[in-house]
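Asker: So here's run.txt, just compact mmCIF, C-alpha atoms:
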# COMPACT_ATOMS: atom_id res chain seq x y z
CA GLY A 1 122.80 156.85 85.69
CA GLN A 2 123.18 160.21 87.37
CA GLN A 3 124.42 163.01 85.14
CA LEU A 4 124.63 166.76 85.17
CA ASN A 5 122.62 168.80 82.68
CA GLN A 6 125.04 170.44 80.30
CA SER A 7 124.19 172.87 77.52
CA PRO A 8 124.41 173.45 74.71
CA GLN A 9 124.70 169.92 73.38
CA SER A 10 126.79 171.15 70.44
CA MET A 11 128.19 174.37 69.04
CA PHE A 12 129.48 175.20 65.57
CA ILE A 13 131.40 178.46 65.53
CA GLN A 14 133.91 180.45 63.51
CA GLU A 15 137.51 180.77 64.58
CA GLY A 16 137.95 183.81 66.81
CA GLU A 17 134.48 183.67 68.37
CA ASP A 18 133.92 183.34 72.09
CA VAL A 19 132.14 180.27 73.47
CA SER A 20 130.07 179.76 76.57
CA MET A 21 128.69 176.52 78.01
CA ASN A 22 127.12 175.68 81.34
CA CYS A 23 126.20 172.90 83.65
CA THR A 24 123.31 172.69 86.11
CA SER A 25 122.13 170.23 88.70
CA SER A 26 119.45 169.82 91.32
CA SER A 27 122.15 168.65 93.73
CA ILE A 28 124.77 170.69 95.54
CA PHE A 29 128.35 170.01 94.52
CA ASN A 30 131.46 170.78 96.55
CA THR A 31 133.87 170.80 93.63
CA TRP A 32 133.37 171.48 89.94
CA LEU A 33 135.78 170.35 87.25
CA TRP A 34 135.89 171.00 83.52
CA TYR A 35 137.45 168.46 81.14
CA LYS A 36 138.10 168.31 77.40
CA GLN A 37 138.08 165.06 75.47
CA ASP A 38 139.66 164.61 72.05
CA PRO A 39 138.70 161.65 69.83
CA GLY A 40 140.27 158.40 70.98
CA GLU A 41 141.65 159.90 74.16
CA GLY A 42 140.66 160.25 77.76
CA PRO A 43 139.27 163.45 79.31
CA VAL A 44 141.93 166.01 80.17
CA LEU A 45 141.47 168.35 83.12
CA LEU A 46 141.12 172.01 82.15
CA ILE A 47 140.02 173.83 85.29
CA ALA A 48 139.14 172.90 88.88
CA LEU A 49 136.84 175.02 91.09
CA TYR A 50 136.66 174.56 94.84
CA LYS A 51 134.59 177.41 96.29
CA ALA A 52 131.15 178.85 95.54
CA GLY A 53 131.58 182.02 93.51
CA GLU A 54 135.15 181.16 92.52
CA LEU A 55 136.24 182.40 89.10
CA THR A 56 139.33 180.70 87.66
CA SER A 57 141.18 181.16 84.39
CA ASN A 58 143.50 178.92 82.42
CA GLY A 59 144.75 180.83 79.39
CA ARG A 60 141.77 181.59 77.17
CA LEU A 61 139.49 179.50 79.40
CA THR A 62 137.52 180.90 82.32
CA ALA A 63 135.20 178.94 84.57
CA GLN A 64 133.01 179.87 87.51
CA PHE A 65 131.58 177.91 90.42
CA GLY A 66 127.97 179.07 90.85
CA ILE A 67 126.92 180.77 94.09
CA THR A 68 124.17 178.20 94.68
CA ARG A 69 126.77 175.41 94.18
CA LYS A 70 124.35 173.83 91.72
CA ASP A 71 125.86 175.20 88.53
CA SER A 72 129.05 176.15 86.72
CA PHE A 73 129.97 177.71 83.41
CA LEU A 74 132.97 177.63 81.09
CA ASN A 75 133.93 180.37 78.66
CA ILE A 76 136.47 180.06 75.88
CA SER A 77 137.64 183.31 74.34
CA ALA A 78 138.98 183.80 70.81
CA SER A 79 138.47 180.16 69.80
CA ILE A 80 141.03 178.40 67.61
CA PRO A 81 140.75 175.18 65.58
CA SER A 82 142.48 173.08 68.25
CA ASP A 83 139.65 173.91 70.68
CA VAL A 84 137.59 171.32 68.81
CA GLY A 85 136.48 168.48 71.04
CA ILE A 86 133.93 167.49 73.64
CA TYR A 87 133.83 169.51 76.84
CA PHE A 88 132.52 167.94 80.03
CA CYS A 89 131.65 169.46 83.34
CA ALA A 90 131.97 167.21 86.36
CA GLY A 91 131.10 167.58 90.00
CA PHE A 92 132.00 165.84 93.23
CA LEU A 93 128.94 165.01 95.31
CA ASN A 94 130.75 164.99 98.63
CA TYR A 95 134.09 165.82 100.17
CA GLY A 96 136.90 163.31 100.01
CA GLY A 97 137.74 161.23 103.04
CA ALA A 98 138.61 158.53 100.52
CA THR A 99 135.03 158.11 99.35
CA ASN A 100 133.66 160.31 96.59
CA LYS A 101 131.89 160.15 93.26
CA LEU A 102 132.71 162.36 90.30
CA ILE A 103 129.58 162.79 88.21
CA PHE A 104 129.88 163.99 84.61
CA GLY A 105 127.74 166.25 82.49
CA THR A 106 126.32 165.16 79.17
CA GLY A 107 129.02 166.99 77.22
CA THR A 108 129.20 169.86 74.73
CA LEU A 109 130.59 169.12 71.28
CA LEU A 110 132.53 172.12 69.97
CA ALA A 111 133.37 172.51 66.30
CA VAL A 112 135.48 175.47 65.15
CA GLN A 113 135.62 176.46 61.53
CA PRO A 114 138.85 178.17 60.44
CA ASP B 1 150.38 162.31 79.08
CA SER B 2 148.26 161.94 82.24
CA GLY B 3 150.49 159.25 83.72
CA VAL B 4 147.58 156.78 83.90
CA THR B 5 148.22 153.70 81.78
CA GLN B 6 145.51 151.41 80.50
CA THR B 7 145.89 148.15 78.63
CA PRO B 8 144.89 146.88 76.22
CA LYS B 9 143.98 149.83 74.00
CA HIS B 10 141.53 147.77 71.97
CA LEU B 11 139.72 144.52 72.72
CA ILE B 12 137.41 142.58 70.46
CA THR B 13 135.59 139.59 71.86
CA ALA B 14 132.43 137.56 71.47
CA THR B 15 129.24 137.58 73.52
CA GLY B 16 129.40 135.41 76.61
CA GLN B 17 133.13 135.83 77.03
CA ARG B 18 135.09 137.35 79.91
CA VAL B 19 137.77 140.03 79.66
CA THR B 20 140.09 141.85 82.04
CA LEU B 21 141.05 145.49 81.66
CA ARG B 22 144.13 146.75 83.42
CA CYS B 23 145.01 150.15 84.84
CA SER B 24 148.18 151.57 86.37
CA PRO B 25 147.52 154.82 88.22
CA ARG B 26 149.81 157.85 88.28
CA SER B 27 152.79 157.43 90.54
CA GLY B 28 151.74 158.20 94.10
CA ASP B 29 147.98 158.16 93.46
CA LEU B 30 146.05 155.96 95.85
CA SER B 31 142.56 156.19 94.33
CA VAL B 32 141.48 154.45 91.16
CA TYR B 33 138.16 155.00 89.42
CA TRP B 34 136.53 153.15 86.55
CA TYR B 35 134.15 154.77 84.08
CA GLN B 36 132.20 153.46 81.11
CA GLN B 37 131.58 155.72 78.12
CA SER B 38 129.07 154.80 75.47
CA LEU B 39 127.47 157.00 72.83
CA ASP B 40 124.06 157.13 74.45
CA GLN B 41 125.08 157.14 78.11
CA GLY B 42 128.02 159.49 78.37
CA LEU B 43 130.62 158.93 81.09
CA GLN B 44 129.15 156.68 83.74
CA PHE B 45 130.89 156.08 87.06
CA LEU B 46 131.34 152.40 87.80
CA ILE B 47 133.45 151.99 90.91
CA GLN B 48 136.18 153.57 93.04
CA TYR B 49 139.02 151.99 95.01
CA TYR B 50 141.26 153.65 97.55
CA ASN B 51 144.46 151.98 98.66
CA GLY B 52 143.10 148.53 97.87
CA GLU B 53 139.62 148.94 99.30
CA GLU B 54 136.36 149.52 97.48
CA ARG B 55 135.04 152.98 98.43
CA ALA B 56 132.20 153.94 96.14
CA LYS B 57 129.98 152.14 93.68
CA GLY B 58 128.07 153.53 90.76
CA ASN B 59 126.13 151.87 87.99
CA ILE B 60 128.24 148.73 87.90
CA LEU B 61 126.54 145.56 86.73
CA GLU B 62 126.78 142.38 88.79
CA ARG B 63 128.60 140.79 85.84
CA PHE B 64 131.38 143.33 86.34
CA SER B 65 133.88 143.33 89.16
CA ALA B 66 137.06 145.18 89.99
CA GLN B 67 139.92 145.08 92.41
CA GLN B 68 142.94 147.14 93.36
CA PHE B 69 146.15 145.31 94.17
CA PRO B 70 148.85 146.11 96.77
CA ASP B 71 150.96 147.80 94.09
CA LEU B 72 147.87 150.02 93.45
CA HIS B 73 147.21 148.85 89.91
CA SER B 74 143.60 147.91 89.25
CA GLU B 75 141.74 145.45 87.08
CA LEU B 76 138.18 145.58 85.82
CA ASN B 77 136.71 142.20 85.00
CA LEU B 78 133.75 142.00 82.65
CA SER B 79 132.03 138.62 82.29
CA SER B 80 129.15 137.10 80.33
CA LEU B 81 129.63 139.91 77.86
CA GLU B 82 126.69 141.27 75.91
CA LEU B 83 126.58 143.41 72.79
CA GLY B 84 125.53 146.38 74.92
CA ASP B 85 128.77 146.20 76.89
CA SER B 86 130.64 147.58 73.88
CA ALA B 87 132.03 150.90 75.05
CA LEU B 88 135.11 152.81 76.06
CA TYR B 89 136.26 151.96 79.56
CA PHE B 90 138.33 154.60 81.32
CA CYS B 91 140.42 154.39 84.40
CA ALA B 92 141.27 157.51 86.37
CA SER B 93 143.39 158.11 89.43
CA SER B 94 143.75 160.77 92.08
CA PRO B 95 146.06 161.30 95.04
CA ARG B 96 145.44 160.68 98.70
CA GLN B 97 142.06 162.17 99.60
CA GLU B 98 141.66 164.87 102.22
CA ARG B 99 138.48 165.23 104.24
CA SER B 100 137.63 168.71 102.97
CA PHE B 101 139.21 168.61 99.53
CA ASN B 102 138.45 166.70 96.36
CA SER B 103 141.50 166.03 94.21
CA PRO B 104 140.76 166.11 90.48
CA LEU B 105 140.83 162.84 88.58
CA HIS B 106 143.35 162.20 85.84
CA PHE B 107 142.24 159.83 83.11
CA GLY B 108 143.97 157.22 81.00
CA ASN B 109 143.28 156.90 77.29
CA GLY B 110 140.84 154.07 77.77
CA THR B 111 140.22 150.57 76.48
CA ARG B 112 137.82 150.28 73.58
CA LEU B 113 135.83 147.08 74.01
CA THR B 114 133.89 145.69 71.10
CA VAL B 115 131.61 142.73 71.73
CA THR B 116 130.51 140.90 68.59
Can you dump the structure from the file as structure tokens?
Answerer:
Amino acid sequence: GQQLNQSPQSMFIQEGEDVSMNCTSSSIFNTWLWYKQDPGEGPVLLIALYKAGELTSNGRLTAQFGITRKDSFLNISASIPSDVGIYFCAGFLNYGGATNKLIFGTGTLLAVQP
Amino acid sequence: DSGVTQTPKHLITATGQRVTLRCSPRSGDLSVYWYQQSLDQGLQFLIQYYNGEERAKGNILERFSAQQFPDLHSELNLSSLELGDSALYFCASSPRQERSFNSPLHFGNGTRLTVT
């Protein structure tokens, strides 16, 4: 199935460190989303990006919509133990009009050591 | 709590059987999406419904089918189950879609299907 290329695949960091992960594609996306998934739960929306070049923050999280519309990155500053989980990027291939597909990245597993 | 409800939470069944997974979207959301998550395949889009009509199809097998009812809840039917169908199945919903705007999806907590 179609997926976005997300890196790194996993990260093991110390509490307090900053984290950066990114997502790339050969296709152009009109909307980028970042989700976090905890074990046994569904993905939870963290940040939504709607315009090329847009930089959006949500607390310690910052994400950017790449200028080429083919990539996005997510930064987490001053990580804490509860940041542990799997982070997914996701992109819409086309505008709404009641028909759209949200394609997910391969995920980044984040482990934070206290 | 995303407001998307999925039942059952867990399902264990044998190969060859048929199961139905149920999803109630967030209040007011017209679109329902189904995704399959397995360890080696990540989150794979299966199918999307909008206000009762099928709108987009992904990697959904012919043995699988879905529908969205007038009250907007949705069911995913999986038949002739195989061992490889064991996975987490997620439902997500989003509001009315605008032509130039993609509303984010909000996910339920999934149904874990185990085929033995």
Asker: Could you tell me how far atom CA of A:Gln6 lies from atom CA of B:Gly3, in Å and to one decimal?
Answerer: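 We find that atom CA of A:Gln6 and atom CA of B:Gly3 lie 28.0 Å from each other.
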Asker: Just give me the gap between atom CA of B:Leu88 and atom CA of A:Gln64 in Å, one decimal is fine.
Answerer: 29.5 Å
Asker: Give me the residues within 12 Å of stretch 4-10 of chain B as a ChimeraX atom specification, counting all atoms listed in the file and dropping any in the same chain fewer than 6 places off.
Answerer: /A:40-44 /B:19-29,31-34,72-76,86-94,105-115
Asker: Using only C-alpha atoms for the distances, tell me which of A:Glu54, A:Glu15, A:Asp71, A:Asp38 is nearest to chain B.
Answerer: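 Smallest separation from chain B among the options: A:Asp38.
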Asker: Within 12 Å of chain B, which residues of chain A are there when counting all atoms listed in the file? Please give them as a ChimeraX atom specification.
Answerer: /A:1-6,29-51,86-108
Asker: Extract, using only C-alpha atoms, all DNA, RNA and protein residues at most 6 Å from A:Met21, discarding same-chain residues fewer than 2 positions from it, and format them as a count of residues only.
Answerer: 3
Asker: With only C-alpha atoms as the basis for distance, which of A:Val84, A:Ala78, A:Val112, A:Ala52 is at the shortest distance from A:Glu17?
Answerer: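 Checking each candidate against A:Glu17, we get A:Ala78 as the closest.
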Asker: Find the residues around A:Ser72 up to 8 Å (only C-alpha atoms counted), leave out those fewer than 3 positions away in its own chain, and share them as a ChimeraX atom specification.
Answerer: /A:22-24,32,63-66,69,89
Asker: One decimal, in Å: what's the spacing between atom CA of A:Gly85 and atom CA of A:Asn58?
Answerer: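 So the answer is 17.0 Å.
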Asker: Would you place a box with edges along x, y and z of the file around all atoms of stretch 29-48 of chain B listed there, add 3 Å to each of its six sides, and report the centre and edge lengths in Å to one decimal, as AutoDock Vina command-line options?
Answerer:
--center_x 136.0 --center_y 155.7 --center_z 84.3 --size_x 29.9 --size_y 13.5 --size_z 29.0
Asker: I'd like the neighbourhood of B:Thr15 as a PyMOL selection string, where a residue qualifies if any of its atoms comes within 7 Å (using only C-alpha atoms), though same-chain residues fewer than 2 positions away should be ignored.
Answerer: chain B and resi 13+17+80-83+115-116
Asker: Counting only C-alpha atoms, which residue out of B:Gly52, B:Ser38, B:Leu78, B:Asp85 sits closest to B:Ser65?
Answerer: B:Leu78
Asker: Quick one: of A:Ile67, A:Leu61, A:Leu110, A:Val19, who's nearest to A:Ser82, counting all atoms listed in the file?
Answerer: A:Leu110
Asker: Might you pull out every residue within 10 Å of A:Gln14, with only C-alpha atoms counted and same-chain residues fewer than 5 positions away left off, and present them as a list in words?
Answerer: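 With the cut-off at 10 Å, the set is Ala78, Ser79, Ile80, Pro81, Ala111, Val112, Gln113 and Pro114 of chain A.
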